[in-house]
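Structure file model_8.pdb (PDB, C-alpha atoms) is printed below.
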```pdb
ATOM      1  CA  MET A 223     102.266 -19.151  69.543  1.00  0.00           C
ATOM      2  CA  LYS A 224     105.413 -17.059  69.625  1.00  0.00           C
ATOM      3  CA  PHE A 225     108.601 -18.834  70.600  1.00  0.00           C
ATOM      4  CA  TYR A 226     110.450 -15.604  71.377  1.00  0.00           C
ATOM      5  CA  VAL A 227     110.248 -12.815  73.926  1.00  0.00           C
ATOM      6  CA  SER A 228     111.288 -10.086  71.486  1.00  0.00           C
ATOM      7  CA  ILE A 229     112.787  -9.668  68.043  1.00  0.00           C
ATOM      8  CA  ALA A 230     115.148  -7.095  66.523  1.00  0.00           C
ATOM      9  CA  GLN A 231     117.097  -6.571  63.349  1.00  0.00           C
ATOM     10  CA  GLU A 232     120.820  -6.119  63.986  1.00  0.00           C
ATOM     11  CA  LYS A 233     124.009  -5.719  61.990  1.00  0.00           C
ATOM     12  CA  ILE A 234     126.602  -7.948  63.627  1.00  0.00           C
ATOM     13  CA  PRO A 235     130.123  -6.821  62.735  1.00  0.00           C
ATOM     14  CA  PRO A 236     132.743  -9.263  61.466  1.00  0.00           C
ATOM     15  CA  ALA A 237     135.132 -10.363  64.195  1.00  0.00           C
ATOM     16  CA  ALA A 238     138.281 -12.337  64.817  1.00  0.00           C
ATOM     17  CA  VAL A 239     137.357 -15.211  67.134  1.00  0.00           C
ATOM     18  CA  ILE A 240     138.869 -18.127  68.978  1.00  0.00           C
ATOM     19  CA  TYR A 241     136.842 -21.299  68.812  1.00  0.00           C
ATOM     20  CA  MET A 242     136.493 -24.986  69.507  1.00  0.00           C
ATOM     21  CA  ARG A 243     134.884 -27.294  66.956  1.00  0.00           C
ATOM     22  CA  ARG A 244     133.344 -30.717  66.955  1.00  0.00           C
ATOM     23  CA  THR A 245     132.311 -32.719  63.932  1.00  0.00           C
ATOM     24  CA  GLY A 246     129.443 -35.177  64.109  1.00  0.00           C
ATOM     25  CA  ALA A 247     125.685 -35.402  64.431  1.00  0.00           C
ATOM     26  CA  TYR A 248     124.184 -32.429  66.237  1.00  0.00           C
ATOM     27  CA  GLY A 249     122.868 -33.189  69.691  1.00  0.00           C
ATOM     28  CA  ALA A 250     124.067 -33.737  73.256  1.00  0.00           C
ATOM     29  CA  GLU A 251     127.725 -33.605  72.234  1.00  0.00           C
ATOM     30  CA  ASN A 252     127.229 -29.946  71.279  1.00  0.00           C
ATOM     31  CA  TYR A 253     126.278 -29.188  74.885  1.00  0.00           C
ATOM     32  CA  ALA A 254     129.402 -31.017  76.045  1.00  0.00           C
ATOM     33  CA  LEU A 255     131.535 -28.888  73.708  1.00  0.00           C
ATOM     34  CA  MET A 256     129.956 -25.716  75.109  1.00  0.00           C
ATOM     35  CA  ASP A 257     130.739 -26.903  78.638  1.00  0.00           C
ATOM     36  CA  THR A 258     134.358 -27.656  77.692  1.00  0.00           C
ATOM     37  CA  PHE A 259     134.700 -24.265  76.003  1.00  0.00           C
ATOM     38  CA  LYS A 260     133.269 -22.399  79.012  1.00  0.00           C
ATOM     39  CA  LYS A 261     135.684 -24.175  81.327  1.00  0.00           C
ATOM     40  CA  TRP A 262     138.568 -23.261  79.024  1.00  0.00           C
ATOM     41  CA  ILE A 263     137.677 -19.556  78.784  1.00  0.00           C
ATOM     42  CA  LYS A 264     137.187 -19.366  82.558  1.00  0.00           C
ATOM     43  CA  ALA A 265     140.526 -21.095  83.190  1.00  0.00           C
ATOM     44  CA  ASN A 266     142.180 -18.587  80.837  1.00  0.00           C
ATOM     45  CA  ASN A 267     140.541 -15.550  82.495  1.00  0.00           C
ATOM     46  CA  LEU A 268     138.466 -14.751  79.407  1.00  0.00           C
ATOM     47  CA  TYR A 269     135.049 -14.954  81.083  1.00  0.00           C
ATOM     48  CA  ASP A 270     133.581 -11.787  82.568  1.00  0.00           C
ATOM     49  CA  GLU A 271     130.423  -9.652  82.517  1.00  0.00           C
ATOM     50  CA  ASP A 272     131.014  -8.673  78.867  1.00  0.00           C
ATOM     51  CA  THR A 273     131.588 -12.171  77.523  1.00  0.00           C
ATOM     52  CA  VAL A 274     129.564 -13.189  74.471  1.00  0.00           C
ATOM     53  CA  ILE A 275     129.709 -16.802  73.311  1.00  0.00           C
ATOM     54  CA  TYR A 276     128.515 -17.743  69.853  1.00  0.00           C
ATOM     55  CA  ALA A 277     127.510 -21.299  68.924  1.00  0.00           C
ATOM     56  CA  MET A 278     127.090 -22.161  65.259  1.00  0.00           C
ATOM     57  CA  ALA A 279     125.843 -25.164  63.367  1.00  0.00           C
ATOM     58  CA  LEU A 280     127.911 -24.789  60.206  1.00  0.00           C
ATOM     59  CA  ASP A 281     126.218 -27.477  58.125  1.00  0.00           C
ATOM     60  CA  ASN A 282     122.649 -28.376  57.277  1.00  0.00           C
ATOM     61  CA  PRO A 283     122.002 -31.943  58.481  1.00  0.00           C
ATOM     62  CA  GLU A 284     119.375 -32.319  55.747  1.00  0.00           C
ATOM     63  CA  THR A 285     122.017 -31.890  53.029  1.00  0.00           C
ATOM     64  CA  GLU A 286     125.201 -33.015  54.799  1.00  0.00           C
ATOM     65  CA  GLU A 287     125.895 -36.403  56.317  1.00  0.00           C
ATOM     66  CA  PRO A 288     125.375 -36.075  60.094  1.00  0.00           C
ATOM     67  CA  CYS A 289     128.863 -37.463  60.771  1.00  0.00           C
ATOM     68  CA  ARG A 290     130.309 -34.515  58.781  1.00  0.00           C
ATOM     69  CA  CYS A 291     128.295 -31.709  60.436  1.00  0.00           C
ATOM     70  CA  ARG A 292     130.492 -29.090  62.099  1.00  0.00           C
ATOM     71  CA  TYR A 293     129.590 -27.176  65.251  1.00  0.00           C
ATOM     72  CA  ASP A 294     131.675 -24.263  66.580  1.00  0.00           C
ATOM     73  CA  VAL A 295     131.613 -22.353  69.855  1.00  0.00           C
ATOM     74  CA  CYS A 296     133.581 -19.111  69.980  1.00  0.00           C
ATOM     75  CA  ILE A 297     134.287 -15.756  71.573  1.00  0.00           C
ATOM     76  CA  ASN A 298     135.959 -12.630  70.232  1.00  0.00           C
ATOM     77  CA  ARG A 299     139.683 -13.190  70.087  1.00  0.00           C
ATOM     78  CA  PRO A 300     141.535 -11.440  72.923  1.00  0.00           C
ATOM     79  CA  GLN A 301     144.020  -8.827  71.728  1.00  0.00           C
ATOM     80  CA  ASN A 302     146.981 -10.859  72.978  1.00  0.00           C
ATOM     81  CA  GLN A 303     145.807 -14.105  71.297  1.00  0.00           C
ATOM     82  CA  ASN A 304     147.273 -14.077  67.788  1.00  0.00           C
ATOM     83  CA  ASP A 305     147.950 -17.761  67.347  1.00  0.00           C
ATOM     84  CA  ALA A 306     145.910 -20.851  67.985  1.00  0.00           C
ATOM     85  CA  SER A 307     146.709 -22.844  71.097  1.00  0.00           C
ATOM     86  CA  ASP A 308     146.543 -26.574  71.525  1.00  0.00           C
ATOM     87  CA  GLN A 309     142.861 -26.273  72.512  1.00  0.00           C
ATOM     88  CA  VAL A 310     141.431 -23.413  70.437  1.00  0.00           C
ATOM     89  CA  GLU A 311     141.734 -22.245  66.857  1.00  0.00           C
ATOM     90  CA  CYS A 312     141.542 -18.718  65.413  1.00  0.00           C
ATOM     91  CA  ARG A 313     139.369 -17.587  62.500  1.00  0.00           C
ATOM     92  CA  GLU A 314     137.201 -14.775  61.216  1.00  0.00           C
ATOM     93  CA  LEU A 315     133.485 -14.634  61.981  1.00  0.00           C
ATOM     94  CA  GLU A 316     131.560 -13.158  59.074  1.00  0.00           C
ATOM     95  CA  GLY A 317     129.208 -10.373  60.047  1.00  0.00           C
ATOM     96  CA  GLY A 318     126.084  -9.053  58.385  1.00  0.00           C
ATOM     97  CA  LYS A 319     122.390  -8.419  58.863  1.00  0.00           C
ATOM     98  CA  TYR A 320     120.581 -10.691  61.334  1.00  0.00           C
ATOM     99  CA  LEU A 321     117.138 -11.054  62.772  1.00  0.00           C
ATOM    100  CA  VAL A 322     117.731 -11.662  66.484  1.00  0.00           C
ATOM    101  CA  PHE A 323     115.186 -13.577  68.541  1.00  0.00           C
ATOM    102  CA  LEU A 324     115.432 -13.219  72.323  1.00  0.00           C
ATOM    103  CA  ILE A 325     114.421 -16.579  73.799  1.00  0.00           C
ATOM    104  CA  PRO A 326     114.413 -18.283  77.190  1.00  0.00           C
ATOM    105  CA  HIS A 327     117.720 -20.015  77.934  1.00  0.00           C
ATOM    106  CA  THR A 328     116.403 -23.559  78.228  1.00  0.00           C
ATOM    107  CA  ILE A 329     117.013 -26.651  76.114  1.00  0.00           C
ATOM    108  CA  ASP A 330     113.321 -26.804  75.160  1.00  0.00           C
ATOM    109  CA  ALA A 331     113.120 -23.116  74.202  1.00  0.00           C
ATOM    110  CA  VAL A 332     116.248 -23.316  72.040  1.00  0.00           C
ATOM    111  CA  ARG A 333     114.967 -26.486  70.350  1.00  0.00           C
ATOM    112  CA  THR A 334     111.580 -24.837  69.697  1.00  0.00           C
ATOM    113  CA  ALA A 335     113.266 -21.712  68.316  1.00  0.00           C
ATOM    114  CA  TRP A 336     115.239 -23.829  65.838  1.00  0.00           C
ATOM    115  CA  GLN A 337     112.024 -25.578  64.760  1.00  0.00           C
ATOM    116  CA  MET A 338     110.009 -22.389  64.293  1.00  0.00           C
ATOM    117  CA  CYS A 339     112.524 -19.747  63.176  1.00  0.00           C
ATOM    118  CA  PHE A 340     112.309 -20.439  59.432  1.00  0.00           C
ATOM    119  CA  SER A 341     108.526 -20.133  59.250  1.00  0.00           C
ATOM    120  CA  GLU A 342     108.695 -17.028  61.444  1.00  0.00           C
ATOM    121  CA  LEU A 343     111.181 -15.408  59.038  1.00  0.00           C
ATOM    122  CA  GLU A 344     108.756 -16.053  56.202  1.00  0.00           C
ATOM    123  CA  LEU A 345     105.817 -14.622  58.185  1.00  0.00           C
ATOM    124  CA  LEU A 346     107.858 -11.493  58.892  1.00  0.00           C
ATOM    125  CA  GLY A 347     108.790 -11.116  55.217  1.00  0.00           C
ATOM    126  CA  TYR A 348     112.513 -11.863  55.514  1.00  0.00           C
ATOM    127  CA  LEU A 349     114.624 -14.071  53.294  1.00  0.00           C
ATOM    128  CA  PRO A 350     117.286 -16.183  55.002  1.00  0.00           C
ATOM    129  CA  ASP A 351     120.895 -15.703  53.901  1.00  0.00           C
ATOM    130  CA  GLU A 352     121.946 -19.320  53.506  1.00  0.00           C
ATOM    131  CA  SER A 353     125.578 -18.338  52.887  1.00  0.00           C
ATOM    132  CA  ARG A 354     126.030 -17.554  56.598  1.00  0.00           C
ATOM    133  CA  PRO A 355     125.356 -19.779  59.613  1.00  0.00           C
ATOM    134  CA  ILE A 356     122.583 -19.309  62.128  1.00  0.00           C
ATOM    135  CA  MET A 357     124.136 -18.411  65.478  1.00  0.00           C
ATOM    136  CA  GLU A 358     123.061 -18.943  69.034  1.00  0.00           C
ATOM    137  CA  ARG A 359     124.364 -15.996  71.042  1.00  0.00           C
ATOM    138  CA  TYR A 360     124.968 -16.203  74.771  1.00  0.00           C
ATOM    139  CA  LYS A 361     125.653 -12.786  76.299  1.00  0.00           C
ATOM    140  CA  LYS A 362     126.585 -13.370  79.927  1.00  0.00           C
ATOM    141  CA  ARG A 363     124.321 -10.573  81.151  1.00  0.00           C
ATOM    142  CA  LEU A 364     121.347 -12.172  79.355  1.00  0.00           C
ATOM    143  CA  VAL A 365     122.213 -15.718  80.400  1.00  0.00           C
ATOM    144  CA  ASP A 366     122.296 -14.494  84.015  1.00  0.00           C
ATOM    145  CA  GLN A 367     118.644 -13.465  83.454  1.00  0.00           C
ATOM    146  CA  GLN A 368     117.843 -16.873  81.860  1.00  0.00           C
ATOM    147  CA  TYR A 369     117.794 -15.627  78.237  1.00  0.00           C
ATOM    148  CA  CYS A 370     119.821 -16.177  75.093  1.00  0.00           C
ATOM    149  CA  GLU A 371     119.435 -15.234  71.421  1.00  0.00           C
ATOM    150  CA  LEU A 372     119.005 -16.980  68.105  1.00  0.00           C
ATOM    151  CA  CYS A 373     120.555 -14.897  65.326  1.00  0.00           C
ATOM    152  CA  MET A 374     119.177 -15.654  61.860  1.00  0.00           C
ATOM    153  CA  PRO A 375     121.189 -14.280  58.918  1.00  0.00           C
ATOM    154  CA  VAL A 376     118.890 -12.427  56.513  1.00  0.00           C
ATOM    155  CA  LEU A 377     119.236 -10.745  53.140  1.00  0.00           C
TER     156      LEU A 377
END
```
Before anything else, please render the file you have as structure tokens.
Amino acid sequence: MKFYVSIAQEKIPPAAVIYMRRTGAYGAENYALMDTFKKWIKANNLYDEDTVIYAMALDNPETEEPCRCRYDVCINRPQNQNDASDQVECRELEGGKYLVFLIPHTIDAVRTAWQMCFSELELLGYLPDESRPIMERYKKRLVDQQYCELCMPVL
């Protein structure tokens, strides 16, 4: 059973981003952070047809204490945003080669993708690049069609 609609290899360029972070066990609080971030970018007129939101689990909960796991949500930094504000921080997003799975934009589909992506990489003959985080990518135009992407860093 395939958990994805389509798959493609893509080179994602490095980018300056603004982000919000939470630290703690992954779960429902990550969805709350995404909601807070979306409200913030809309309130600051940074949400339009070209918006792409990235969500990243920065730590492996199998090797890091759940209370120390970091989760970021971010967008490309607007040209006029050079400094962090009281609600967002600025940093660089590392780019590189990714295997991008197009998946339905539902909680169950995203959860299934996370469960199956590692074995799928192996079946496809790719090696994961564990030095970079896996990213969920939410392009507004895809989300409007009920899709999102899981971007797996590969060597």
Where does the PyMOL selection byres ((chain A and resi 357-363) around 9) land in this file, that is, which residues does it pick, as a PyMOL selection string? chain A and resi 269-279+327+332+355-356+364-367+369-375
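For the set A:Leu268, A:Met242, A:Leu345, A:Cys339, the residue with the smallest atom-to-atom gap to A:Asp294 is A:Met242, counting all atoms listed in the file.
Interatomic distance, atom CA of A:Phe323 to atom CA of A:Val376: 12.6 Å.
Interatomic distance, atom CA of A:Glu287 to atom CA of A:Ala331: 25.7 Å.
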Around (130.8, -17.6, 60.6), as given in the file, which residues come within 8 Å? Count only C-alpha atoms and list them as a list in words. Met278, Leu280, Glu314, Leu315, Glu316, Gly317, Arg354 and Pro355 of chain A
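The residue that comes closest to A:Tyr293, out of A:Arg333, A:Arg244, A:Arg313, A:Lys233 and on the basis of all atoms listed in the file, is A:Arg244.
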So which one's closest to A:Lys261, A:Val227, A:Gln309, A:Pro236, A:Pro326? Using all atoms listed in the file, please. A:Gln309
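The residues returned by the PyMOL selection byres ((chain A and resi 245) around 10) on the shown structure are Arg243, Arg244, Gly246, Ala247, Tyr248, Glu251, Asn252, Ala279, Leu280, Asp281, Pro288, Cys289, Arg290, Cys291, Arg292, Tyr293 and Asp294 of chain A.
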Residue selection dump (C-alpha atoms) as a compact mmCIF listing (two decimals), in the coordinates of the input:
```txt
# COMPACT_ATOMS: atom_id res chain seq x y z
CA ARG A 243 134.88 -27.29 66.96
CA ARG A 244 133.34 -30.72 66.96
CA GLY A 246 129.44 -35.18 64.11
CA ALA A 247 125.68 -35.40 64.43
CA TYR A 248 124.18 -32.43 66.24
CA GLU A 251 127.72 -33.60 72.23
CA ASN A 252 127.23 -29.95 71.28
CA ALA A 279 125.84 -25.16 63.37
CA LEU A 280 127.91 -24.79 60.21
CA ASP A 281 126.22 -27.48 58.12
CA PRO A 288 125.38 -36.08 60.09
CA CYS A 289 128.86 -37.46 60.77
CA ARG A 290 130.31 -34.52 58.78
CA CYS A 291 128.29 -31.71 60.44
CA ARG A 292 130.49 -29.09 62.10
CA TYR A 293 129.59 -27.18 65.25
CA ASP A 294 131.68 -24.26 66.58
```
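One distance worth recording is that between atom CA of A:Asp330 and atom CA of A:Tyr253, which is 13.2 Å.
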